[in-house]
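Heads up, the thing below is written out as C-alpha cells.
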Amino acid sequence: MKAQNHINQSLILIVEDDPHFADILTDTLQTLNHTVIKASNGVEALDIIQHEVPDLIITDINMPHLDGYGLCTKIKTNRSTRLIPVIMMTGMDDLDSRVKGIEVGADDFITKPFQLLELRARVASLIKLKHYTDHLENAEEVIFSLAMAVEAKDPYTNGHCRRIATIGSEVARHMGCSDDDVQSVYRGGFLHDIGKIGVPDAILNKTSFLDDSERDLVVKHPTTGEDICKPLHTLTNALPIIRHHHERIDGKGYPDGLSGDEIPLNARIVAVVDCFDAMTTDRPYRKGMSYEKAELRLLKAVDSGQLDENAVNATLQITKLIKTNA
Ligand SMILES: [Fe+2]
C-alpha cells in the first residue's frame with residue numbers, strides 16, 4: 001500500500017511545445033494524483049532537472065532548441081540523471097521515431113493521441129521501476145560511503161579513492177579505452193581497497209614488516225572487496241579491478257597470480273595509478289616523493305615485472321599534465 005502511495009504521488013515532467021496538448025496531459029496525470037511540471041522544449045527541461053529531479057519524464061520529439069532525442073541523450077549520458085525513466089510521445093505507427101528513441105535510451109513510448117488506459121499503465125510501470133532504481137542508487141551510495149570510511153581508517157590517505165578514480169579514468173581514456181571501461185576504471189579505482197574494511201587498523205597502519213598472519217589478512221582485501229561489491233549489478237564491471245589490482249605482470253602478485261595480458265587492462269591501470277599515488281603522498285614516516293623520483297620508480301617497476309609498461313607510460317603522461325596545470 002505504501003509503494004502504491006509513492007507511485008501515485010510522483011513528480012512527472014512533461015516536455016511538450018504544444019501548450020494545448022501539454023494541458024490535456026497535465027490534467028490527465030493530475031487526475032491520477034501525480035504532480036506535474038512542464039517544459040516547452042529540451043533546454044528548458046534540462047534546466048528544470050538541475051533543480052528538481054522528476055520521477056518520470058514524458059517528452060515530445062519535435063521541439064525547438066533541443067528535441068526529444070537530444071534531451072533523452074543528455075539525460076541518459078549523465079550519471080546523475082540516467083536512471084530517470086523517459087517516455088517518448090510518437091505518432092501512430094511511427095517506427096522510425098521509435099527506433100531512434102530506443103537508440104538514444106528512451107524507456108518507453110506512447111502514441112499520440114494517447115489512450116488513458118495505456119498512459120496509466122506505462123506511467124505506473126516506469127514509476128515503479130524508478131522506485132526500485134532509487135533503492136539501487138541508495139545501495140550504491142552506501143558502498144561508495146563504505147570506501148570513504150575505509151579511507152578514513154588511515155588519515156594519511158585522504159582523497160586517495162577519488163584520486164585513483166579520476167586519474168585512473170583519465171589514463172584509461174588516454175589509452176583509448178571505451179566509455180564503459182573508463183567508467184569501470186572510475187568505479188573500480190574508487191572502490192579498489194574497500195576490502196580493507198576487514199583488516200584491523202593496527203595492521204593497516206603498521207610501519208614495520210608484517211608477520212605471516214598479518215600479511216595473510218592484508219592479501220585477502222581484493223577478494224573481500226569483490227565479495228562486498230558483487231551483489232550490486234551496477235558494479236559488475238568494476239569487480240575484476242577490485243579483485244586484480246595487486247596482480248603483477250610477472251605473475252607474482254595476488255590473489256590469483258595472473259600474468260601479463262591475463263590481468264584485465266583496467267586492473268593494470270588502477271595498479272599503476274595506485275602505486276603512483278602511494279609514492280607521491282606524504283606518510284607519517286616519510287615525505288611523498290617528487291614526480292621525477294616516482295617516475296624513475298615506476299619505470300623500475302616495469303623492468304622488474306611488477307607493472308604494465310603502457311599503463312605506466314600513460315599514467316606518467318597524465319600525471320605530468322595534471323602537475324603542469326596545477
Ligand atoms: Fe589494494
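How things are named: the first chain in the C-alpha cells is A, the next is B, and so on; residues count from 1 in each chain; ligands count from 1 in the order shown.
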
Please extract the residues at most 8 Å from ligand 1, counting only C-alpha atoms and all ligand atoms, and provide them as a PyMOL selection string, using the chain letters and residue numbers of this document. chain A and resi 192-193+196+221-222+242+245-246+274

How would the residues just picked look written out with C-alpha atoms as a PDB file, in the first residue's frame?
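Below is the file that was written, again.pdb:
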```pdb
ATOM      1  CA  HIS A 192      39.661  -0.937  -5.153  1.00  0.00           C
ATOM      2  CA  ASP A 193      40.613  -1.098  -1.468  1.00  0.00           C
ATOM      3  CA  LYS A 196      40.407  -3.314   3.729  1.00  0.00           C
ATOM      4  CA  HIS A 221      41.443  -7.459   0.782  1.00  0.00           C
ATOM      5  CA  PRO A 222      40.933  -7.763  -3.025  1.00  0.00           C
ATOM      6  CA  ILE A 242      38.871  -4.773  -7.298  1.00  0.00           C
ATOM      7  CA  HIS A 245      44.633  -4.621  -8.632  1.00  0.00           C
ATOM      8  CA  HIS A 246      47.524  -6.374  -6.821  1.00  0.00           C
ATOM      9  CA  ASP A 274      47.590   3.256  -7.022  1.00  0.00           C
TER      10      ASP A 274
END
```

Based on DSSP run over this structure's backbone, return all residues of stretch 58-169 of chain A in helix (DSSP H, G or I), as number ranges by chain. A: 68-76, 95-103, 116-152, 155-157, 160-169

May I have the residues within 12 Å of A:Leu117 as a PDB file with N, CA and C atoms, in the first residue's frame, using only C-alpha atoms and disregarding those fewer than 6 positions away in the same chain?
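Just written: part-v8.pdb:
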```
ATOM      1  N   THR A  28      -4.758  14.998 -17.180  1.00  0.00           N
ATOM      2  CA  THR A  28      -4.921  13.542 -17.060  1.00  0.00           C
ATOM      3  C   THR A  28      -4.048  12.995 -15.939  1.00  0.00           C
ATOM      4  N   LEU A  29      -2.785  13.428 -15.916  1.00  0.00           N
ATOM      5  CA  LEU A  29      -1.863  12.895 -14.896  1.00  0.00           C
ATOM      6  C   LEU A  29      -2.245  13.386 -13.504  1.00  0.00           C
ATOM      7  N   LEU A  32      -4.712  11.365 -11.934  1.00  0.00           N
ATOM      8  CA  LEU A  32      -4.125  10.113 -11.418  1.00  0.00           C
ATOM      9  C   LEU A  32      -3.281  10.389 -10.158  1.00  0.00           C
ATOM     10  N   ILE A 110       4.615   6.314 -25.924  1.00  0.00           N
ATOM     11  CA  ILE A 110       3.154   6.323 -26.036  1.00  0.00           C
ATOM     12  C   ILE A 110       2.813   7.032 -27.342  1.00  0.00           C
ATOM     13  N   VAL A 123       2.905   4.722 -17.349  1.00  0.00           N
ATOM     14  CA  VAL A 123       3.412   5.619 -16.302  1.00  0.00           C
ATOM     15  C   VAL A 123       3.613   4.830 -15.001  1.00  0.00           C
ATOM     16  N   ALA A 124       2.608   4.033 -14.631  1.00  0.00           N
ATOM     17  CA  ALA A 124       2.709   3.271 -13.373  1.00  0.00           C
ATOM     18  C   ALA A 124       3.888   2.311 -13.415  1.00  0.00           C
TER      19      ALA A 124
END
```

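Excluding A:Asn313 itself and any same-chain residue fewer than 6 positions from it, the protein and nucleic acid residues within 12 Å of it, counting only C-alpha atoms, are Val171, Ala172, His174, Met175, Ile269, Val272, Val273, Phe276, Glu295, Leu296, Leu298, Leu299, Ala301, Val302, Leu307, Thr319 and Lys320 of chain A.
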
List every residue of stretch 27-238 of chain A that DSSP, applied to the backbone of this structure, assigns to strand (DSSP E), and report them as a VMD selection string. chain A and resid 35 to 39 56 to 59 86 to 91 108 to 112

Residues from the last selection, N, CA and C atoms, saved as a compact mmCIF listing (two decimals), in the first residue's frame:
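The resulting file, selection_1.txt, is shown below:
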```txt
# COMPACT_ATOMS: atom_id res chain seq x y z
N THR A 35 1.97 14.82 -9.47
CA THR A 35 2.31 16.24 -9.54
C THR A 35 3.03 16.46 -10.87
N VAL A 36 2.65 17.52 -11.59
CA VAL A 36 3.21 17.71 -12.93
C VAL A 36 3.94 19.05 -13.01
N ILE A 37 5.11 19.00 -13.66
CA ILE A 37 5.79 20.25 -14.02
C ILE A 37 5.96 20.22 -15.53
N LYS A 38 6.01 21.43 -16.14
CA LYS A 38 6.02 21.45 -17.61
C LYS A 38 7.23 22.23 -18.15
N ALA A 39 7.72 21.76 -19.30
CA ALA A 39 8.75 22.50 -20.04
C ALA A 39 8.33 22.49 -21.49
N LEU A 56 9.72 10.80 -13.44
CA LEU A 56 9.46 10.34 -14.81
C LEU A 56 9.43 11.56 -15.73
N ILE A 57 9.91 11.37 -16.96
CA ILE A 57 9.83 12.44 -17.96
C ILE A 57 9.04 11.92 -19.15
N ILE A 58 8.05 12.70 -19.57
CA ILE A 58 7.30 12.36 -20.80
C ILE A 58 7.62 13.45 -21.80
N THR A 59 8.25 13.08 -22.90
CA THR A 59 8.69 14.13 -23.82
C THR A 59 8.17 13.93 -25.24
N VAL A 86 12.34 7.74 -19.17
CA VAL A 86 11.86 8.69 -20.18
C VAL A 86 10.87 7.99 -21.10
N ILE A 87 9.68 8.59 -21.22
CA ILE A 87 8.69 8.11 -22.20
C ILE A 87 8.67 9.11 -23.35
N MET A 88 8.77 8.60 -24.58
CA MET A 88 8.68 9.49 -25.74
C MET A 88 7.30 9.37 -26.37
N MET A 89 6.79 10.52 -26.80
CA MET A 89 5.49 10.51 -27.47
C MET A 89 5.72 10.51 -28.98
N THR A 90 5.22 9.49 -29.62
CA THR A 90 5.42 9.38 -31.08
C THR A 90 4.07 9.33 -31.77
N GLY A 91 4.11 9.54 -33.10
CA GLY A 91 2.89 9.41 -33.89
C GLY A 91 2.54 7.93 -34.04
N ASP A 108 10.32 3.97 -22.87
CA ASP A 108 9.04 3.50 -23.38
C ASP A 108 8.46 4.57 -24.31
N PHE A 109 7.36 4.22 -24.97
CA PHE A 109 6.73 5.14 -25.92
C PHE A 109 5.22 5.15 -25.70
N ILE A 110 4.61 6.31 -25.92
CA ILE A 110 3.15 6.32 -26.04
C ILE A 110 2.81 7.03 -27.34
N THR A 111 1.75 6.59 -27.94
CA THR A 111 1.39 7.19 -29.22
C THR A 111 0.40 8.32 -29.01
N LYS A 112 0.54 9.32 -29.87
CA LYS A 112 -0.40 10.45 -29.87
C LYS A 112 -1.49 10.17 -30.89
```

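Here the question is which of A:Ala121, A:Ile318, A:Ala271, A:Phe114 gets nearest to A:Arg173 using only C-alpha atoms, and that residue is A:Ile318.
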
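Going from atom CA of A:Gly168 over to atom CA of A:Thr73, you cover 25.5 Å.
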
When you look at A:Thr224 with a cut-off of 10 Å (counting only C-alpha atoms), what residues show up, excluding the ones that are within fewer than 5 positions of it in the same chain? I need them as a count of residues only. 12

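Residues surrounding A:Gly288 within 10 Å are Asp277, Ala278, Met279, Thr280, Thr281, Asp282, Arg283, Lys293 and Ala294 of chain A [only C-alpha atoms; sequence separation below 5 positions excluded].
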
May I have the residues within 12 Å of A:Pro240 as a CSV table (one decimal) with N, CA and C atoms, in the first residue's frame, using only C-alpha atoms and disregarding those fewer than 4 positions away in the same chain?
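Output contents, as saved in around.csv:
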```csv
chain,number,residue,atom,x,y,z
A,181,ASP,N,34.6,1.2,-20.2
A,181,ASP,CA,35.8,0.9,-19.5
A,181,ASP,C,36.3,2.1,-18.6
A,184,SER,N,34.2,2.1,-15.7
A,184,SER,CA,34.6,1.0,-14.8
A,184,SER,C,35.8,1.3,-14.0
A,185,VAL,N,36.8,2.0,-14.7
A,185,VAL,CA,38.1,2.3,-14.0
A,185,VAL,C,37.8,3.3,-12.9
A,187,ARG,N,34.9,3.6,-11.2
A,187,ARG,CA,34.3,2.9,-10.1
A,187,ARG,C,35.2,2.0,-9.4
A,188,GLY,N,35.9,1.2,-10.2
A,188,GLY,CA,36.9,0.2,-9.6
A,188,GLY,C,38.0,0.9,-8.9
A,189,GLY,N,38.4,2.0,-9.5
A,189,GLY,CA,39.5,2.8,-8.8
A,189,GLY,C,39.0,3.3,-7.5
A,191,LEU,N,36.8,2.1,-5.6
A,191,LEU,CA,36.4,1.0,-4.6
A,191,LEU,C,37.5,0.0,-4.4
A,192,HIS,N,38.7,0.2,-5.1
A,192,HIS,CA,39.7,-0.9,-5.2
A,192,HIS,C,40.1,-1.5,-3.8
A,222,PRO,N,41.6,-7.8,-1.7
A,222,PRO,CA,40.9,-7.8,-3.0
A,222,PRO,C,39.7,-8.7,-3.1
A,223,THR,N,39.8,-9.9,-2.6
A,223,THR,CA,38.7,-10.8,-2.7
A,223,THR,C,37.5,-10.4,-1.7
A,225,GLY,N,36.9,-7.3,-1.0
A,225,GLY,CA,36.3,-6.2,-1.7
A,225,GLY,C,35.3,-6.7,-2.8
A,226,GLU,N,35.8,-7.7,-3.5
A,226,GLU,CA,34.9,-8.2,-4.6
A,226,GLU,C,33.6,-8.8,-4.0
A,227,ASP,N,33.7,-9.5,-2.9
A,227,ASP,CA,32.5,-10.1,-2.2
A,227,ASP,C,31.6,-9.0,-1.8
A,229,CYS,N,31.1,-6.0,-3.2
A,229,CYS,CA,30.5,-5.3,-4.3
A,229,CYS,C,29.7,-6.2,-5.2
A,230,LYS,N,29.9,-7.5,-5.1
A,230,LYS,CA,29.3,-8.5,-6.0
A,230,LYS,C,27.8,-8.4,-6.1
A,235,LEU,N,27.9,-2.7,-10.3
A,235,LEU,CA,29.3,-2.7,-10.1
A,235,LEU,C,30.0,-3.8,-10.8
A,236,THR,N,29.3,-4.6,-11.6
A,236,THR,CA,29.8,-5.8,-12.2
A,236,THR,C,31.1,-5.6,-12.9
A,244,HIS,N,41.8,-7.8,-9.0
A,244,HIS,CA,43.1,-8.0,-9.6
A,244,HIS,C,44.1,-6.8,-9.5
A,245,HIS,N,43.8,-5.8,-8.6
A,245,HIS,CA,44.6,-4.6,-8.6
A,245,HIS,C,46.0,-4.9,-8.0
A,246,HIS,N,46.2,-6.1,-7.4
A,246,HIS,CA,47.5,-6.4,-6.8
A,246,HIS,C,48.2,-7.5,-7.6
A,247,GLU,N,47.7,-7.8,-8.8
A,247,GLU,CA,48.4,-8.8,-9.6
A,247,GLU,C,49.7,-8.1,-10.2
A,255,PRO,N,45.4,-11.9,-6.0
A,255,PRO,CA,45.2,-13.2,-5.3
A,255,PRO,C,45.4,-14.4,-6.3
A,256,ASP,N,45.4,-14.2,-7.6
A,256,ASP,CA,45.3,-15.3,-8.5
A,256,ASP,C,46.7,-15.6,-9.2
A,258,LEU,N,47.9,-14.0,-11.7
A,258,LEU,CA,47.8,-13.8,-13.2
A,258,LEU,C,49.0,-13.1,-13.7
A,262,GLU,N,46.8,-11.6,-19.1
A,262,GLU,CA,45.7,-12.3,-18.3
A,262,GLU,C,45.1,-11.3,-17.3
A,263,ILE,N,45.9,-10.3,-16.9
A,263,ILE,CA,45.4,-9.3,-15.9
A,263,ILE,C,44.5,-8.3,-16.7
A,264,PRO,N,43.3,-8.1,-16.3
A,264,PRO,CA,42.5,-7.1,-17.1
A,264,PRO,C,43.2,-5.8,-17.2
A,265,LEU,N,43.1,-5.2,-18.4
A,265,LEU,CA,43.8,-3.9,-18.6
A,265,LEU,C,43.4,-2.8,-17.5
A,266,ASN,N,42.1,-2.8,-17.2
A,266,ASN,CA,41.6,-1.8,-16.3
A,266,ASN,C,42.2,-2.0,-14.9
A,267,ALA,N,42.5,-3.3,-14.5
A,267,ALA,CA,43.1,-3.5,-13.2
A,267,ALA,C,44.6,-3.1,-13.3
A,268,ARG,N,45.3,-3.3,-14.5
A,268,ARG,CA,46.7,-2.9,-14.6
A,268,ARG,C,46.8,-1.4,-14.5
A,269,ILE,N,45.8,-0.7,-15.0
A,269,ILE,CA,45.8,0.8,-15.0
A,269,ILE,C,45.7,1.2,-13.5
A,270,VAL,N,44.7,0.6,-12.8
A,270,VAL,CA,44.5,1.0,-11.4
A,270,VAL,C,45.7,0.7,-10.5
A,271,ALA,N,46.4,-0.5,-10.8
A,271,ALA,CA,47.6,-0.9,-10.1
A,271,ALA,C,48.7,0.2,-10.2
```

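Closest approach to A:Pro64 among A:Asp180, A:Asp18, A:Asp27, A:Asp201: A:Asp18, based on only C-alpha atoms.
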
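Computed from the coordinates, the atom CA of A:Asp55 to atom CA of A:Leu83 distance equals 9.2 Å.
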
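The smallest atom-to-atom distance between A:Leu321 and any of A:Cys161, A:Ser213, A:Asp107, A:Tyr291, using only C-alpha atoms, is found for A:Tyr291.
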